[in-house]
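In what follows, a single structure is set out as structure tokens and then discussed.
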Amino acid sequence: MPEIVAERYTGASIKRSEDPRILTGTGRYVDDIKLPGMLHAAFVRSPLAHARVLSVDVSAARALPGVVAAYTGADLEAMTVPGPDVLMALMGAPGPSPEFTLLATDKVRFVGDPVAMVVAADRYFAEDGCDLVEVEYDDLPPVANAAFALDPSSPPLFANLGDNIARPHSRSEFGDVPATFAQADRVMEFHIDVHRHQNVPMEGRGCVASYDSDLGVMTVYAATQSVHVSKIAVAMRLGMEHDQVRVLAGDIGGSFGLKIGASREELAAAAASRALGRPVKWVEDRGENLTASGQAREESFDVRAAVSNDGDLLGLDVKVVIDTGAYPGMGTMVPGIMQEMLPGPYKLAALGFESTAAITNKASYVAYRGPWASETFVRERVIDLMAKDLGIDPVELRLRNAAERTDPPASMITGRPLVGVTTRESLERVAQLVDIPAFRRRQAEGREQGRYLGIGVATFIEAAPGPRSPEGPSGPMGTESMRLRLEEDGMVVLFTGQMPHGQSHQTTLAQIAADEFGVPFEQVRVVVGDTAVVPFGLTGGSRSATMTGGVALHGARQLKVKVLDFASQLMEASAMDLQITDGNVWVRGDPASAIPVSEIAQQAASGQFGADVDANLEVQASFDGGEGGWSGGTHCAIVDVDIETGLVKVERYVAVEDCGALINPAVVEGQIRGGVAQGIGAVLLERSAYDQDGNYQSATFMDYLLPTASDIPRIEVDHLQTVPLDADVNFRGVGEGGMIVAPPTLVNAIEDALAPFGVRIREQHLPPARILELIDAANAT
């Protein structure tokens, strides 16, 4: 196998310390925004998981000095227009649409469901007003888990649905599933659970809504991943024309999928602003964030694996039940993505996949950094469990089953071509970096001394954005648009619908445009977060590197052609003989002819040229992803498990990744490390826990534990050289891979450490108490 080396995007790549824009955005956080006459909103939330709302009395709150208004659910319904969740509608979410209101009117459906809103001169008065709101409830039996939700006797959460099925049961088969299992030497069966956990960005949800009654225009300052999706949501719910709504976003303190569109609370704040004619601000506190903003995962899998005695994974048959929580979210869309991605980079001959999504009395299932990640967890756990049963090294088993890179490329059994996938190379590279034989010797020595070390590997691929579809791009995320302009001061300005919230788009897009157009990095400005000037876009799905990077490259190329065409008029030279370097236009071979691009732009804006000269130095560009491609890689963790306390120390963590050409190594490695940190937290610490009555048990950071710097090891990152697929755009997304593959990597390592006790792990959440329970259970048998 030839050596795989890292490829860097040539040109203006910079290190983190060389430019402050890598760490800063373009505006203020929502919490910092102050407007004249601004009011503050707070919400009364349900203490019960499931109950009828008999009455809501806000009269005492309205009488409190400092309170300007108090609204019930019925009040809000009179002020707004009913409609579906905008994001679900844009994405074509399957399944029936439940009917519900911004503030609960008929019933509450989870602890934290908003019931009333108080608007006051400041947040303190608003919270005091909330304490005076009296709500009378009639308790209903809680639907606290998916198993009960699927029971026909469970009380339906939504009257118009009649049951608690968010996505009806479906089954698909690829290849000959019955024959594959009939011919297998062994059929292994597993039940695997993935627990509920959540995004927890540094900054919670929030907005400032400001209605101008004279102009009839609503302006919303939002923390959002898409200003345009938020705009559509506000316009639809308020019954306004789209051009009457403007949404702006500045710096955003993280999201990880949480802040797409507009929440019920944000829409309520906008309705209040219009009713009162004053700006209304709402910023959730951490308790609200943990309880009500949304949670992710919580899926259970029953898996059958068809296996040969030689270690071939011939087929999988998977049944998944997803707990979607109460209100519409990502949960109904995840099964389709899981089904498509479940084969991963392996050469399965058959796959059966069936799914059901259930509605429960919990916070909504939201997108969280690789929402389909459980397919990787299940597949990579099955591979390790197979390896132990067959007595084969887990890396060797993966290499045996990984699809070869061929021409034409092999395809997943679900249909997508595995073009350019470097799974085998990443597995071999991890084995080389870690020196597994040397670790096994150290592991054996440690066990003799009562120390339990373990090693785990897992591999993944991610459609970031995925290979080109024969049918071409489709849906709202199928293409990416950008507007580019040369300003009179010589700045190249990019207007993008991407909304960075930690991805450093202002850096990476500027690098690409600077290199392609021919100006210094400092001479590019990236404009984001304003529906008045940026095209439609949505940041998510690890798509911006290819899609937005691609449109920045092609758009800069188009703008350069236009500038050179105009410059040819000024310089009396053929555009073919002109070039732009270091911000100057000059005739090839004649450096003395150089003219700054600022002077070209000033001449174009002077109005001296007739209609036959195109002096408009602006272009509209779009990009469909080109040949696309996969991101992917293999991760390896070495852990030390203390069998007396159950504590797990991650001694070493190695990530070998292929995300194409690196635009900016510091940004790429930051994304990988951040995802891995979240994955480690998910396994060892984080859990969104509910009791049997649907009461939320993790509403503070004393109960919802997050990893600290001392819990995360130094994460070693090694880059593979991409297999170029496109003539120009070979950088791919990297934002979600760390979070996708870290959990199975870590669980595989923990199980390996506990192998002397015969522990088999079929779940994801492994805090110390659970580690001790697994050891005790294994000892008992």
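Identifiers in this document derive from the order of the structure tokens: chains are assigned A, B, ..., residues are numbered from 1 separately in each chain, and ligands are numbered from 1 in order of occurrence.
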Q: Could you give me, as a PyMOL selection string, the residues within 10 Å of Arg123 of chain A, counting only C-alpha atoms and dropping anything in the same chain fewer than 5 positions from it?
A: chain A and resi 39-42+66-67+118+128-129+281-283
Q. For Gly632 of chain A, which residue among A:Thr507, A:Thr324, A:Ser426, A:Ser210 is the nearest when counting only C-alpha atoms?
A. A:Ser426
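Those residues of segment 158-216 of chain A that DSSP, working from the backbone, places in helix (DSSP H, G or I) are Val177, Pro178, Ala179, Thr180, Phe181, Ala182 and Gln183 of chain A.
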Could you save the residues just selected, with N, CA and C atoms, as a PDB file, in the first residue's frame?
ATOM      1  N   VAL A 177     -32.276 -10.795   1.389  1.00  0.00           N
ATOM      2  CA  VAL A 177     -32.078 -10.934   2.829  1.00  0.00           C
ATOM      3  C   VAL A 177     -32.334 -12.368   3.302  1.00  0.00           C
ATOM      4  N   PRO A 178     -33.472 -12.991   2.960  1.00  0.00           N
ATOM      5  CA  PRO A 178     -33.699 -14.361   3.453  1.00  0.00           C
ATOM      6  C   PRO A 178     -32.602 -15.334   3.018  1.00  0.00           C
ATOM      7  N   ALA A 179     -32.193 -15.277   1.746  1.00  0.00           N
ATOM      8  CA  ALA A 179     -31.178 -16.216   1.255  1.00  0.00           C
ATOM      9  C   ALA A 179     -29.833 -15.970   1.935  1.00  0.00           C
ATOM     10  N   THR A 180     -29.469 -14.710   2.128  1.00  0.00           N
ATOM     11  CA  THR A 180     -28.188 -14.396   2.767  1.00  0.00           C
ATOM     12  C   THR A 180     -28.127 -14.972   4.169  1.00  0.00           C
ATOM     13  N   PHE A 181     -29.199 -14.826   4.929  1.00  0.00           N
ATOM     14  CA  PHE A 181     -29.213 -15.356   6.289  1.00  0.00           C
ATOM     15  C   PHE A 181     -29.294 -16.882   6.293  1.00  0.00           C
ATOM     16  N   ALA A 182     -30.010 -17.454   5.329  1.00  0.00           N
ATOM     17  CA  ALA A 182     -30.112 -18.913   5.274  1.00  0.00           C
ATOM     18  C   ALA A 182     -28.771 -19.564   4.973  1.00  0.00           C
ATOM     19  N   GLN A 183     -27.936 -18.881   4.190  1.00  0.00           N
ATOM     20  CA  GLN A 183     -26.655 -19.447   3.774  1.00  0.00           C
ATOM     21  C   GLN A 183     -25.512 -19.123   4.728  1.00  0.00           C
TER      22      GLN A 183
END
(Q) Counting only C-alpha atoms, which residue out of A:Met240, A:Ile672, A:Ala510, A:Val30 sits closest to Gly253 of chain A? (A) A:Val30
Q: Pull the strand (DSSP E or B) assignments for segment 49-275 of chain A out of DSSP run on the backbone, and list those residues as a ChimeraX atom specification.
A: /A:51-57,67-72,107-108,114-120,134-139,165-174,186-197,206-212,217-222,245-248
Proximity of segment 237-324 of chain A to segment 406-419 of chain A: per-residue shortest pair, 12 Å limit, only C-alpha atoms, as JSON lines:
{"residue": "A:Leu314", "atom": "CA", "partner": "A:Ile413", "partner_atom": "CA", "distance": 10.9}
{"residue": "A:Gly315", "atom": "CA", "partner": "A:Ile413", "partner_atom": "CA", "distance": 9.6}
{"residue": "A:Leu316", "atom": "CA", "partner": "A:Ile413", "partner_atom": "CA", "distance": 10.7}
Take the residues from that selection and write them out as an mmCIF file, in the first residue's frame, keeping N, CA, C and O atoms.
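Contents of the output file part-v2.cif:
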data_model
loop_
_atom_site.group_PDB
_atom_site.id
_atom_site.type_symbol
_atom_site.label_atom_id
_atom_site.label_comp_id
_atom_site.auth_asym_id
_atom_site.auth_seq_id
_atom_site.Cartn_x
_atom_site.Cartn_y
_atom_site.Cartn_z
ATOM 1 N N LEU A 314 -21.944 -10.806 6.060
ATOM 2 C CA LEU A 314 -22.693 -11.011 4.822
ATOM 3 C C LEU A 314 -23.932 -10.133 4.744
ATOM 4 O O LEU A 314 -24.301 -9.668 3.668
ATOM 5 N N GLY A 315 -24.572 -9.924 5.871
ATOM 6 C CA GLY A 315 -25.804 -9.142 5.846
ATOM 7 C C GLY A 315 -26.212 -8.711 7.234
ATOM 8 O O GLY A 315 -25.783 -9.279 8.250
ATOM 9 N N LEU A 316 -27.042 -7.696 7.286
ATOM 10 C CA LEU A 316 -27.616 -7.200 8.532
ATOM 11 C C LEU A 316 -29.122 -7.090 8.377
ATOM 12 O O LEU A 316 -29.623 -6.747 7.294
#
Which residues come within 9 Å of Gln678 of chain A, counting only C-alpha atoms, excluding same-chain residues fewer than 2 positions away, as a short mmCIF file (atom, residue, chain, number, x, y, z; two decimals) with C-alpha atoms, in the first residue's frame?
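Dumped everything to result-v3.cif:
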data_model
loop_
_atom_site.label_atom_id
_atom_site.label_comp_id
_atom_site.auth_asym_id
_atom_site.auth_seq_id
_atom_site.Cartn_x
_atom_site.Cartn_y
_atom_site.Cartn_z
CA ASN A 199 -26.48 19.66 22.10
CA ARG A 673 -11.29 17.55 18.19
CA GLY A 674 -14.52 19.28 19.15
CA GLY A 675 -16.60 16.40 17.81
CA VAL A 676 -14.44 13.82 19.59
CA ILE A 680 -16.36 11.19 24.82
CA GLY A 681 -18.82 13.20 26.92
CA ALA A 682 -21.76 11.30 25.44
CA VAL A 683 -20.33 7.93 26.49
CA LEU A 706 -20.17 17.75 30.62
CA PRO A 707 -16.53 16.85 29.98
CA GLY A 738 -15.72 13.23 15.36
CA MET A 739 -19.08 13.04 17.12
CA ALA A 742 -15.99 8.66 18.84
CA PRO A 743 -18.76 6.84 20.80
#
